[in-house]
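Visitor: Here it is, the structure in full.
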Amino acid sequence: MTTFFDELHDRFPGIVRSVEEAVPDQVVVLLNSPNVTGIVRHFLIEHQARIVTVFAEDRVSAEGVFYNYYVFDRPGEASWVILKAPIPERFPSFPSLAAELPAINWQEREIQDWFGLEAVGHPNPRRVALHDNWPDVHPLRKSFALDTVLPTFSGEQHVYRPTYGEGVFQIPVGPVHAGIIEPGHFNFAVAGEPILYLQLRMFYTHKGTEKLFESLPIHRAVFLAESISGDSAFSHGAAFCQAVERAAEIDVPARAQFMRVILLELERIANHIADVGAIATDVGFAIANAHAGRIREDVLGLNETLTGSRVLRGMVAIGGVRRDWQPDQVEAITRTLKTVEREFRDLVAIIQSSDSTRDRLEHTGILRPDKAAILGVVGVAGRASGVDRDIRRDHPYEAYNQLPFKVPVYHVGDVRHRMLVRIDEVGESIQMIRAAVSLLPEGPHRAPTAPIPPGRCAMSAVEGWRGEIIHWVRTGEGNRIERCKIKDPSINNWPGIVEAVEGNIIADFPVINKSFNLSYSGTDR
Amino acid sequence: MFKILQKSFSIGTATADYPNVSPRLAEQFRGCPEFEFEIWHDARPAAEACPTGAIALRDSDGLRQVTVDYGRCIFCGECEAANADSAVRMTRKFELAAGDRRDLVLTAKYTLNPDATHATLQSSTCGPVLDEPGKRIAAAIQNLLGRSLAIRQVDAGSCNGCEQEIVALNNPVHDIERFGIHFVASPRHADMLLVTGPVTRNMELALRKVWAATPDPKIVVAVGACGISGGIFGANYALLGRVDAVIPVDVYIPGCPPRPEALLHGILLALGKMRQRVGSLLH
């Protein structure tokens, strides 16, 4: 710690105010000003660091400033580095890094929209999180009340960038789509069939979730975390609980840690099986999806046996899990996994025996590894494009450091390899759950509940089935949350889709989109 | 090709015969909570534990009114866990869909004790038709609409939990097409809108346009706690919340998310309404 501080202090005199490790594995570097550019470049170049997320916090009434937080992950280092840069109320702006770090393009604009802090020098400073027809409000400022009733929206709708050229035209799609999926707006510029350029408009499902966290007692907020993205209910719930547990220094009993791992992996298996089936469907191989749907039902049935809910809701709690398992429930895991493993293997064999399916998936929607790295693509999509990163291995949480598993990585980056990552991960998850079941310790399933001390900050990271989920909390008075930042992996990966579709025919867009399968609700919050 | 046929043959029929046969529910499955108002002495712990405000209290003039709203309930089981006596019990009941929002709300009036517990039930209403047997409805729809109903699903702000279960309706186990019900790509082809919420400010216009684009006679089903009431999100600067704040709703399906059989139950219930509507148009 001292050497790290000395290094920063020597390199950036007058800029770094303090370095502390308030929470294990989370180094907070407090700066004197919003000017982070030099020190960020230092992290990127000298430490080969990756920017994980950037977010703001309104501390005007408590400390007279806003803070911007920049989270970095350094290869081979277990600890995260969090740059904390104060922004005075009188000069509500900060230097934009988006031109150098396209990964945070949207996140800086969120800060503009939600906090009214200007990202100076942003290459595309238009609104992103609040649509163009919203009045001039900044909902995440403490002075803005959650239940503010805004006047009826009128005025400017979003104007897409024009695309010119002979035979070039634009196809608007959404926000209500043809399938049973979430709302978002796509604008395809096409020349004949190939897509030249895709523009996205998200945040149709913006629900004020981060603001809502500030008004709920913590025991209710756990259920809100489960509703950030319904397909990742357990992952988001666990990420939130972990953040609070770290802030409040609550030790989760070993049994609960193993139970959480089992449930996290079951969520991964259920979603990956659904995606494999859906990818096959989007190229017309419907029978594969029928089998996938059938196998997935077995997993959901097991979920229900283990948690009372097919989608793993109402189980995770601050300090552990809400309900313990009896021996027959644990036996159900082993029994179901045996069937699921066999049936999934047959499903994969069926898909791989279909040459026409393979033909549609290969070389479709390629996201090149260099682009994936620059855009900060995470999770399944990243690992299909050479991004060798997995929070379970790199920053182990719960009981993951006691379980052996491989992280599949491919470098081709097409739809087929995004499917292969999922197929491999289903196998790994099954083995991991078996190992966890055999090691499942006896003992309590939940730490005794105690009031959460105020004024503590902590971050947590979970490798959800889609990718890296980050929650950051500051606890408040009266068992409440002062601020909760949520980063779903989807927000990292949308720009990956924009890259991947370029040059593909528009008829392949559904399968490319499905191969990423991003959460609109997780993006929009 | 041989592999595909062999697999299909070896699996046989995967479809569950709901509603003719009760679904296979895990012993642990949490359906709705039930309340025995006569023996309930203190609703405060359950109300405090409830994450969505589905259990609410109002004290005035020595009386306490307890309201239980299944349209807000997310079936988490926290009320049962927090309640000291056996007045609150989680059940495995899930067939909760109702054609009238008021049918999802129970109220009980008590006289207050000096220590803020309550006693002496003054009155209670028992709204929801909890055990509406799906079988009767299923028989009624056999000759309806030429066994064809087209549904357009609209996500007006959902967390995508409900969408997962709606997608599951189309898998071979639940196989909604066996009723002649199918999901269509455009509201212009639809008889029914299956709307999930909470309705966001950013989706309000799209939802109104979808409703306007759906030909009459149309029916609207609000899905899940969020679609019915705003659920855990309620209403705020970004949210209008309940679907019926934006468009008229005919049937409400509680759950978070409602399991596929609960969705099916609600859709079949809505079909009954559809028949009435078609009938009144003809006269």
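Ordering of the structure tokens sets the chain letters (A, B, ...); residue numbers start at 1 within each chain; ligands are numbered from 1 in the order shown.
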Can you check which parts of chain A lie within 6 Å of chain B? Per residue, the shortest pair of atoms and distance in Å to one decimal, counting only C-alpha atoms, sorted by chain and number, as a Markdown table.

Guide:
| residue | atom | partner | partner_atom | distance |
| --- | --- | --- | --- | --- |
| A:Leu146 | CA | B:Asn236 | CA | 5.8 |
| A:Asp147 | CA | B:Asn236 | CA | 4.4 |
| A:Thr148 | CA | B:Tyr237 | CA | 5.1 |
| A:Val149 | CA | B:Tyr237 | CA | 5.6 |
| A:Ala178 | CA | B:Ala185 | CA | 4.1 |
| A:Glu182 | CA | B:Asp155 | CA | 5.7 |
| A:Tyr204 | CA | B:Asn202 | CA | 4.9 |
| A:Thr205 | CA | B:Gly157 | CA | 4.3 |
| A:Lys207 | CA | B:Ala238 | CA | 5.4 |
| A:Gly208 | CA | B:Ala238 | CA | 5.6 |
| A:Arg220 | CA | B:Pro51 | CA | 4.6 |
| A:Ser227 | CA | B:Cys159 | CA | 5.6 |
| A:Ile228 | CA | B:Cys159 | CA | 5.9 |
| A:Ser229 | CA | B:Cys159 | CA | 4.9 |
| A:Gly230 | CA | B:Gly161 | CA | 3.9 |
| A:Asp231 | CA | B:Gly161 | CA | 5.9 |
| A:Ala290 | CA | B:Pro172 | CA | 5.9 |
| A:Gly293 | CA | B:Asn171 | CA | 5.1 |
| A:Glu304 | CA | B:Phe29 | CA | 5.8 |
| A:Thr305 | CA | B:Ala26 | CA | 5.2 |
| A:Gly308 | CA | B:Phe29 | CA | 4.0 |
| A:Gly314 | CA | B:Cys76 | CA | 5.1 |
| A:Ser521 | CA | B:Cys159 | CA | 5.2 |

Visitor: With N, CA and C atoms retained, write the just-selected residues as a PDB file, in the first residue's frame.

Guide:
ATOM      1  N   LEU A 146     -37.654  11.857  -5.373  1.00  0.00           N
ATOM      2  CA  LEU A 146     -37.983  10.659  -6.166  1.00  0.00           C
ATOM      3  C   LEU A 146     -39.367  10.746  -6.796  1.00  0.00           C
ATOM      4  N   ASP A 147     -40.330  11.262  -6.025  1.00  0.00           N
ATOM      5  CA  ASP A 147     -41.715  11.226  -6.511  1.00  0.00           C
ATOM      6  C   ASP A 147     -42.107  12.501  -7.254  1.00  0.00           C
ATOM      7  N   THR A 148     -41.126  13.274  -7.696  1.00  0.00           N
ATOM      8  CA  THR A 148     -41.418  14.463  -8.499  1.00  0.00           C
ATOM      9  C   THR A 148     -42.290  14.073  -9.689  1.00  0.00           C
ATOM     10  N   VAL A 149     -43.379  14.806  -9.892  1.00  0.00           N
ATOM     11  CA  VAL A 149     -44.217  14.542 -11.056  1.00  0.00           C
ATOM     12  C   VAL A 149     -43.822  15.537 -12.146  1.00  0.00           C
ATOM     13  N   ALA A 178     -40.749  -7.271 -32.557  1.00  0.00           N
ATOM     14  CA  ALA A 178     -41.628  -8.334 -33.042  1.00  0.00           C
ATOM     15  C   ALA A 178     -41.717  -9.502 -32.062  1.00  0.00           C
ATOM     16  N   GLU A 182     -37.443  -7.017 -24.789  1.00  0.00           N
ATOM     17  CA  GLU A 182     -37.585  -5.730 -24.138  1.00  0.00           C
ATOM     18  C   GLU A 182     -37.529  -4.585 -25.149  1.00  0.00           C
ATOM     19  N   TYR A 204     -35.449   3.115 -22.614  1.00  0.00           N
ATOM     20  CA  TYR A 204     -36.912   3.124 -22.628  1.00  0.00           C
ATOM     21  C   TYR A 204     -37.464   2.556 -21.323  1.00  0.00           C
ATOM     22  N   THR A 205     -36.694   1.682 -20.667  1.00  0.00           N
ATOM     23  CA  THR A 205     -37.204   1.098 -19.416  1.00  0.00           C
ATOM     24  C   THR A 205     -36.542   1.732 -18.191  1.00  0.00           C
ATOM     25  N   LYS A 207     -36.270   3.222 -14.919  1.00  0.00           N
ATOM     26  CA  LYS A 207     -37.266   3.154 -13.852  1.00  0.00           C
ATOM     27  C   LYS A 207     -36.852   3.944 -12.613  1.00  0.00           C
ATOM     28  N   GLY A 208     -35.803   4.726 -12.715  1.00  0.00           N
ATOM     29  CA  GLY A 208     -35.351   5.466 -11.535  1.00  0.00           C
ATOM     30  C   GLY A 208     -34.832   4.550 -10.448  1.00  0.00           C
ATOM     31  N   ARG A 220     -35.698  -4.188   2.289  1.00  0.00           N
ATOM     32  CA  ARG A 220     -36.561  -4.156   1.101  1.00  0.00           C
ATOM     33  C   ARG A 220     -35.751  -3.984  -0.171  1.00  0.00           C
ATOM     34  N   SER A 227     -34.893  -7.114  -8.994  1.00  0.00           N
ATOM     35  CA  SER A 227     -35.692  -6.651 -10.133  1.00  0.00           C
ATOM     36  C   SER A 227     -34.927  -5.690 -11.045  1.00  0.00           C
ATOM     37  N   ILE A 228     -33.612  -5.639 -10.918  1.00  0.00           N
ATOM     38  CA  ILE A 228     -32.833  -4.787 -11.826  1.00  0.00           C
ATOM     39  C   ILE A 228     -32.853  -5.400 -13.220  1.00  0.00           C
ATOM     40  N   SER A 229     -32.590  -6.704 -13.264  1.00  0.00           N
ATOM     41  CA  SER A 229     -32.705  -7.444 -14.517  1.00  0.00           C
ATOM     42  C   SER A 229     -33.207  -8.823 -14.142  1.00  0.00           C
ATOM     43  N   GLY A 230     -34.461  -9.111 -14.506  1.00  0.00           N
ATOM     44  CA  GLY A 230     -35.123 -10.311 -14.016  1.00  0.00           C
ATOM     45  C   GLY A 230     -34.417 -11.605 -14.360  1.00  0.00           C
ATOM     46  N   ASP A 231     -33.698 -11.631 -15.499  1.00  0.00           N
ATOM     47  CA  ASP A 231     -33.005 -12.865 -15.863  1.00  0.00           C
ATOM     48  C   ASP A 231     -31.753 -13.065 -15.022  1.00  0.00           C
ATOM     49  N   ALA A 290     -36.912 -26.139 -29.063  1.00  0.00           N
ATOM     50  CA  ALA A 290     -37.901 -26.915 -28.323  1.00  0.00           C
ATOM     51  C   ALA A 290     -37.214 -27.760 -27.251  1.00  0.00           C
ATOM     52  N   GLY A 293     -35.896 -25.475 -24.474  1.00  0.00           N
ATOM     53  CA  GLY A 293     -36.976 -25.040 -23.592  1.00  0.00           C
ATOM     54  C   GLY A 293     -37.363 -26.121 -22.606  1.00  0.00           C
ATOM     55  N   GLU A 304     -36.962 -24.000  -8.247  1.00  0.00           N
ATOM     56  CA  GLU A 304     -38.137 -23.896  -7.387  1.00  0.00           C
ATOM     57  C   GLU A 304     -37.977 -24.765  -6.135  1.00  0.00           C
ATOM     58  N   THR A 305     -37.414 -25.952  -6.323  1.00  0.00           N
ATOM     59  CA  THR A 305     -37.175 -26.828  -5.180  1.00  0.00           C
ATOM     60  C   THR A 305     -36.189 -26.186  -4.196  1.00  0.00           C
ATOM     61  N   GLY A 308     -37.981 -21.940  -3.865  1.00  0.00           N
ATOM     62  CA  GLY A 308     -39.406 -21.604  -3.882  1.00  0.00           C
ATOM     63  C   GLY A 308     -39.807 -20.777  -5.085  1.00  0.00           C
ATOM     64  N   GLY A 314     -36.302 -14.118  -3.994  1.00  0.00           N
ATOM     65  CA  GLY A 314     -36.647 -14.242  -2.592  1.00  0.00           C
ATOM     66  C   GLY A 314     -35.766 -15.207  -1.825  1.00  0.00           C
ATOM     67  N   SER A 521     -33.357  -3.750 -19.412  1.00  0.00           N
ATOM     68  CA  SER A 521     -33.690  -3.233 -18.079  1.00  0.00           C
ATOM     69  C   SER A 521     -32.421  -3.004 -17.260  1.00  0.00           C
TER      70      SER A 521
END

Visitor: Return as a list in words the full set of residues in stretch 151-190 of chain B whose backbone-based DSSP assignment is strand (DSSP E or B).

Guide: Ile151, Arg152, Gln153, Val154, Asp155, Ile181, His182 and Phe183 of chain B

Visitor: In Å, with one decimal, what is the gap from atom CA of B:Ser86 to atom CA of B:Pro33?

Guide: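 One can read the atom CA of B:Ser86 to atom CA of B:Pro33 distance as 11.5 Å.
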
Visitor: As an NGL selection string, please: the residues near stretch 347-359 of chain A (cut-off 8 Å, only C-alpha atoms, same-chain neighbours under 3 positions excluded).

Guide: (:A and (280 or 283-285 or 288 or 291-292 or 343-344 or 362 or 416 or 423)) or (:B and (3-4))

Visitor: Can I get the selected residues back with N, CA and C atoms, as a CSV table (one decimal), in the first residue's frame?

Guide:
chain,number,residue,atom,x,y,z
A,280,ALA,N,-30.3,-20.9,-32.1
A,280,ALA,CA,-30.7,-21.9,-33.1
A,280,ALA,C,-32.0,-21.5,-33.8
A,283,VAL,N,-31.9,-18.8,-36.5
A,283,VAL,CA,-31.5,-19.2,-37.9
A,283,VAL,C,-32.4,-20.4,-38.4
A,284,GLY,N,-33.6,-20.5,-37.8
A,284,GLY,CA,-34.6,-21.4,-38.3
A,284,GLY,C,-34.5,-22.8,-37.9
A,285,PHE,N,-33.7,-23.1,-36.8
A,285,PHE,CA,-33.6,-24.5,-36.4
A,285,PHE,C,-34.5,-24.6,-35.1
A,288,ALA,N,-34.3,-27.4,-32.1
A,288,ALA,CA,-33.3,-27.3,-31.1
A,288,ALA,C,-33.8,-26.4,-29.9
A,291,HIS,N,-36.1,-28.4,-27.6
A,291,HIS,CA,-35.4,-29.2,-26.6
A,291,HIS,C,-34.8,-28.3,-25.6
A,292,ALA,N,-34.2,-27.2,-26.0
A,292,ALA,CA,-33.6,-26.3,-25.0
A,292,ALA,C,-34.7,-25.8,-24.0
A,343,GLU,N,-29.1,-34.4,-21.4
A,343,GLU,CA,-30.0,-33.9,-22.4
A,343,GLU,C,-29.3,-32.7,-23.1
A,344,PHE,N,-28.5,-31.9,-22.4
A,344,PHE,CA,-27.9,-30.8,-23.0
A,344,PHE,C,-26.8,-31.3,-24.0
A,362,GLU,N,-21.4,-19.3,-38.4
A,362,GLU,CA,-20.0,-19.1,-38.6
A,362,GLU,C,-19.8,-17.8,-39.4
A,416,ARG,N,-21.2,-18.1,-33.6
A,416,ARG,CA,-21.0,-19.5,-33.2
A,416,ARG,C,-20.1,-19.6,-32.0
A,423,ILE,N,-21.9,-23.0,-24.3
A,423,ILE,CA,-21.9,-24.5,-24.2
A,423,ILE,C,-20.8,-25.0,-23.3
B,3,LYS,N,-30.7,-38.3,-36.0
B,3,LYS,CA,-30.5,-38.0,-34.6
B,3,LYS,C,-31.7,-37.2,-34.0
B,4,ILE,N,-32.1,-36.2,-34.9
B,4,ILE,CA,-33.2,-35.4,-34.4
B,4,ILE,C,-34.5,-36.2,-34.2

Visitor: If we count only C-alpha atoms and set the cut-off at 7 Å, which residues sit around stretch 217-222 of chain B, ignoring sequence neighbours fewer than 2 positions away in its own chain? Please answer as a JSON list (two decimals) with N, CA and C atoms, in the first residue's frame.

Guide:
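Output file out.json is given in full below:
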[["chain", "number", "residue", "atom", "x", "y", "z"],
["B", 191, "ASP", "N", -55.46, -9.81, -30.96],
["B", 191, "ASP", "CA", -56.74, -9.70, -30.26],
["B", 191, "ASP", "C", -56.50, -9.25, -28.83],
["B", 192, "MET", "N", -55.32, -9.60, -28.31],
["B", 192, "MET", "CA", -55.06, -9.36, -26.90],
["B", 192, "MET", "C", -53.67, -8.74, -26.73],
["B", 193, "LEU", "N", -53.58, -7.76, -25.83],
["B", 193, "LEU", "CA", -52.28, -7.22, -25.45],
["B", 193, "LEU", "C", -51.92, -7.76, -24.08],
["B", 194, "LEU", "N", -50.73, -8.32, -23.99],
["B", 194, "LEU", "CA", -50.23, -8.85, -22.72],
["B", 194, "LEU", "C", -49.15, -7.88, -22.27],
["B", 195, "VAL", "N", -49.49, -7.02, -21.31],
["B", 195, "VAL", "CA", -48.62, -5.89, -21.01],
["B", 195, "VAL", "C", -47.92, -6.10, -19.67],
["B", 196, "THR", "N", -46.61, -5.95, -19.67],
["B", 196, "THR", "CA", -45.85, -5.98, -18.43],
["B", 196, "THR", "C", -45.43, -4.56, -18.08],
["B", 214, "THR", "N", -54.19, -1.68, -32.11],
["B", 214, "THR", "CA", -54.81, -3.00, -31.98],
["B", 214, "THR", "C", -56.29, -2.90, -32.35],
["B", 215, "PRO", "N", -56.75, -3.73, -33.29],
["B", 215, "PRO", "CA", -58.14, -3.62, -33.72],
["B", 215, "PRO", "C", -59.13, -4.06, -32.64],
["B", 224, "GLY", "N", -48.16, -9.35, -13.83],
["B", 224, "GLY", "CA", -47.19, -9.20, -12.76],
["B", 224, "GLY", "C", -47.50, -8.03, -11.83],
["B", 227, "GLY", "N", -47.04, -4.64, -13.45],
["B", 227, "GLY", "CA", -48.06, -4.27, -14.42],
["B", 227, "GLY", "C", -49.36, -3.88, -13.73],
["B", 228, "ILE", "N", -49.66, -4.55, -12.62],
["B", 228, "ILE", "CA", -50.92, -4.30, -11.91],
["B", 228, "ILE", "C", -50.85, -3.01, -11.09],
["B", 243, "VAL", "N", -50.34, -0.38, -15.35],
["B", 243, "VAL", "CA", -50.74, -0.31, -16.76],
["B", 243, "VAL", "C", -52.07, 0.42, -16.90],
["B", 249, "VAL", "N", -57.56, -1.90, -18.63],
["B", 249, "VAL", "CA", -57.11, -3.28, -18.43],
["B", 249, "VAL", "C", -58.30, -4.16, -18.11],
["B", 250, "ASP", "N", -58.35, -5.34, -18.71],
["B", 250, "ASP", "CA", -59.47, -6.26, -18.50],
["B", 250, "ASP", "C", -59.18, -7.36, -17.49],
["B", 251, "VAL", "N", -57.94, -7.84, -17.48],
["B", 251, "VAL", "CA", -57.60, -8.92, -16.55],
["B", 251, "VAL", "C", -56.23, -8.64, -15.94],
["B", 252, "TYR", "N", -56.10, -8.96, -14.65],
["B", 252, "TYR", "CA", -54.86, -8.74, -13.92],
["B", 252, "TYR", "C", -54.29, -10.09, -13.49],
["B", 253, "ILE", "N", -53.01, -10.32, -13.74],
["B", 253, "ILE", "CA", -52.38, -11.59, -13.34],
["B", 253, "ILE", "C", -51.27, -11.31, -12.33],
["B", 274, "MET", "N", -63.46, -11.92, -23.52],
["B", 274, "MET", "CA", -63.42, -11.67, -24.95],
["B", 274, "MET", "C", -64.73, -12.13, -25.59],
["B", 277, "ARG", "N", -67.44, -9.74, -25.02],
["B", 277, "ARG", "CA", -67.27, -8.53, -25.81],
["B", 277, "ARG", "C", -67.69, -8.76, -27.27],
["B", 278, "VAL", "N", -67.26, -9.91, -27.82],
["B", 278, "VAL", "CA", -67.64, -10.23, -29.19],
["B", 278, "VAL", "C", -69.15, -10.32, -29.28]]

Visitor: Per DSSP on the backbone, filter stretch 25-245 of chain B down to the residues in helix (DSSP H, G or I) and report them as a PDB file with C-alpha atoms, in the first residue's frame.

Guide:
ATOM      1  CA  PHE B  37     -58.003 -12.430   9.900  1.00  0.00           C
ATOM      2  CA  GLU B  38     -59.891 -13.845  12.887  1.00  0.00           C
ATOM      3  CA  ILE B  39     -56.763 -14.873  14.746  1.00  0.00           C
ATOM      4  CA  ARG B  44     -47.311  -4.530  12.024  1.00  0.00           C
ATOM      5  CA  PRO B  45     -44.338  -6.945  11.650  1.00  0.00           C
ATOM      6  CA  ALA B  46     -45.702  -8.358   8.397  1.00  0.00           C
ATOM      7  CA  ALA B  47     -46.432  -4.876   7.048  1.00  0.00           C
ATOM      8  CA  GLU B  48     -42.935  -3.730   8.010  1.00  0.00           C
ATOM      9  CA  ALA B  49     -41.343  -6.741   6.325  1.00  0.00           C
ATOM     10  CA  GLU B  78     -41.341 -12.244   4.262  1.00  0.00           C
ATOM     11  CA  CYS B  79     -44.763 -11.631   5.855  1.00  0.00           C
ATOM     12  CA  GLU B  80     -45.003 -15.228   7.004  1.00  0.00           C
ATOM     13  CA  ALA B  81     -41.434 -15.136   8.330  1.00  0.00           C
ATOM     14  CA  ALA B  82     -42.032 -11.902  10.247  1.00  0.00           C
ATOM     15  CA  ARG B 101     -58.740  -4.933  -9.715  1.00  0.00           C
ATOM     16  CA  ARG B 102     -60.764  -4.714  -6.487  1.00  0.00           C
ATOM     17  CA  ASP B 103     -60.964  -8.508  -6.342  1.00  0.00           C
ATOM     18  CA  LEU B 104     -57.255  -8.589  -5.553  1.00  0.00           C
ATOM     19  CA  GLY B 134     -59.006 -23.390 -14.737  1.00  0.00           C
ATOM     20  CA  LYS B 135     -60.900 -26.415 -15.983  1.00  0.00           C
ATOM     21  CA  ARG B 136     -64.222 -24.646 -16.309  1.00  0.00           C
ATOM     22  CA  ILE B 137     -62.687 -21.847 -18.310  1.00  0.00           C
ATOM     23  CA  ALA B 138     -60.749 -24.231 -20.475  1.00  0.00           C
ATOM     24  CA  ALA B 139     -63.961 -26.005 -21.452  1.00  0.00           C
ATOM     25  CA  ALA B 140     -65.533 -22.673 -22.342  1.00  0.00           C
ATOM     26  CA  ILE B 141     -62.792 -21.640 -24.728  1.00  0.00           C
ATOM     27  CA  LEU B 145     -62.724 -17.643 -31.861  1.00  0.00           C
ATOM     28  CA  GLY B 146     -62.260 -20.738 -33.966  1.00  0.00           C
ATOM     29  CA  ARG B 147     -59.654 -21.790 -31.412  1.00  0.00           C
ATOM     30  CA  GLY B 161     -38.646 -11.388 -15.368  1.00  0.00           C
ATOM     31  CA  CYS B 162     -42.213 -11.627 -16.705  1.00  0.00           C
ATOM     32  CA  GLU B 163     -40.881 -11.912 -20.264  1.00  0.00           C
ATOM     33  CA  GLN B 164     -38.940 -15.015 -19.232  1.00  0.00           C
ATOM     34  CA  GLU B 165     -42.098 -16.760 -18.106  1.00  0.00           C
ATOM     35  CA  ILE B 166     -44.074 -15.541 -21.125  1.00  0.00           C
ATOM     36  CA  VAL B 167     -41.371 -17.005 -23.368  1.00  0.00           C
ATOM     37  CA  ALA B 168     -41.680 -20.230 -21.361  1.00  0.00           C
ATOM     38  CA  ILE B 176     -49.742 -22.381 -25.355  1.00  0.00           C
ATOM     39  CA  GLU B 177     -50.392 -23.113 -29.030  1.00  0.00           C
ATOM     40  CA  ARG B 178     -52.342 -26.221 -28.044  1.00  0.00           C
ATOM     41  CA  PHE B 179     -55.170 -23.777 -27.223  1.00  0.00           C
ATOM     42  CA  PRO B 187     -50.418  -5.175 -32.570  1.00  0.00           C
ATOM     43  CA  ARG B 188     -52.367  -4.907 -35.835  1.00  0.00           C
ATOM     44  CA  HIS B 189     -52.625  -8.703 -35.862  1.00  0.00           C
ATOM     45  CA  ARG B 201     -42.414   7.657 -18.914  1.00  0.00           C
ATOM     46  CA  ASN B 202     -40.312   6.632 -21.891  1.00  0.00           C
ATOM     47  CA  MET B 203     -42.694   3.823 -22.882  1.00  0.00           C
ATOM     48  CA  GLU B 204     -45.980   5.638 -22.283  1.00  0.00           C
ATOM     49  CA  LEU B 205     -46.332   6.930 -25.838  1.00  0.00           C
ATOM     50  CA  ALA B 206     -45.343   3.586 -27.365  1.00  0.00           C
ATOM     51  CA  LEU B 207     -47.898   1.781 -25.187  1.00  0.00           C
ATOM     52  CA  ARG B 208     -50.677   4.195 -26.170  1.00  0.00           C
ATOM     53  CA  LYS B 209     -49.767   3.780 -29.843  1.00  0.00           C
ATOM     54  CA  VAL B 210     -49.738  -0.021 -29.566  1.00  0.00           C
ATOM     55  CA  TRP B 211     -53.171   0.075 -27.929  1.00  0.00           C
ATOM     56  CA  ALA B 212     -54.521   2.373 -30.632  1.00  0.00           C
ATOM     57  CA  ALA B 213     -53.084   0.117 -33.339  1.00  0.00           C
ATOM     58  CA  GLY B 224     -47.186  -9.197 -12.760  1.00  0.00           C
ATOM     59  CA  ALA B 225     -47.084  -7.027  -9.670  1.00  0.00           C
ATOM     60  CA  CYS B 226     -45.461  -4.208 -11.649  1.00  0.00           C
ATOM     61  CA  GLY B 227     -48.061  -4.265 -14.418  1.00  0.00           C
ATOM     62  CA  ILE B 228     -50.916  -4.295 -11.913  1.00  0.00           C
ATOM     63  CA  SER B 229     -49.687  -1.758  -9.389  1.00  0.00           C
ATOM     64  CA  VAL B 243     -50.742  -0.305 -16.755  1.00  0.00           C
ATOM     65  CA  ASP B 244     -54.332   0.801 -16.113  1.00  0.00           C
ATOM     66  CA  ALA B 245     -53.078   4.319 -15.486  1.00  0.00           C
TER      67      ALA B 245
END

Visitor: Identify, on the basis of only C-alpha atoms, every residue whose closest approach to A:Gln48 does not exceed 9 Å; exclude the query and any residue fewer than 4 positions from it along the same chain; express the result as a list of chain:residue names.

Guide: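 Contacts, with the query itself left out: A:His42, A:Phe43, A:Leu44, A:Asp73, A:Arg74, A:Pro75.
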
Visitor: Quick one: distance from atom CA of A:Ile470 to atom CA of A:Ile486 in Å, one decimal?

Guide: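 Taking atom CA of A:Ile470 and atom CA of A:Ile486, their separation equals 5.9 Å.
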
Visitor: Between A:Arg260, A:Lys406, A:His272, A:His122, which one has atoms that come closest to A:Gly467, using only C-alpha atoms?

Guide: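 Of A:Arg260, A:Lys406, A:His272, A:His122, the one nearest A:Gly467, counting only C-alpha atoms, is A:His272.
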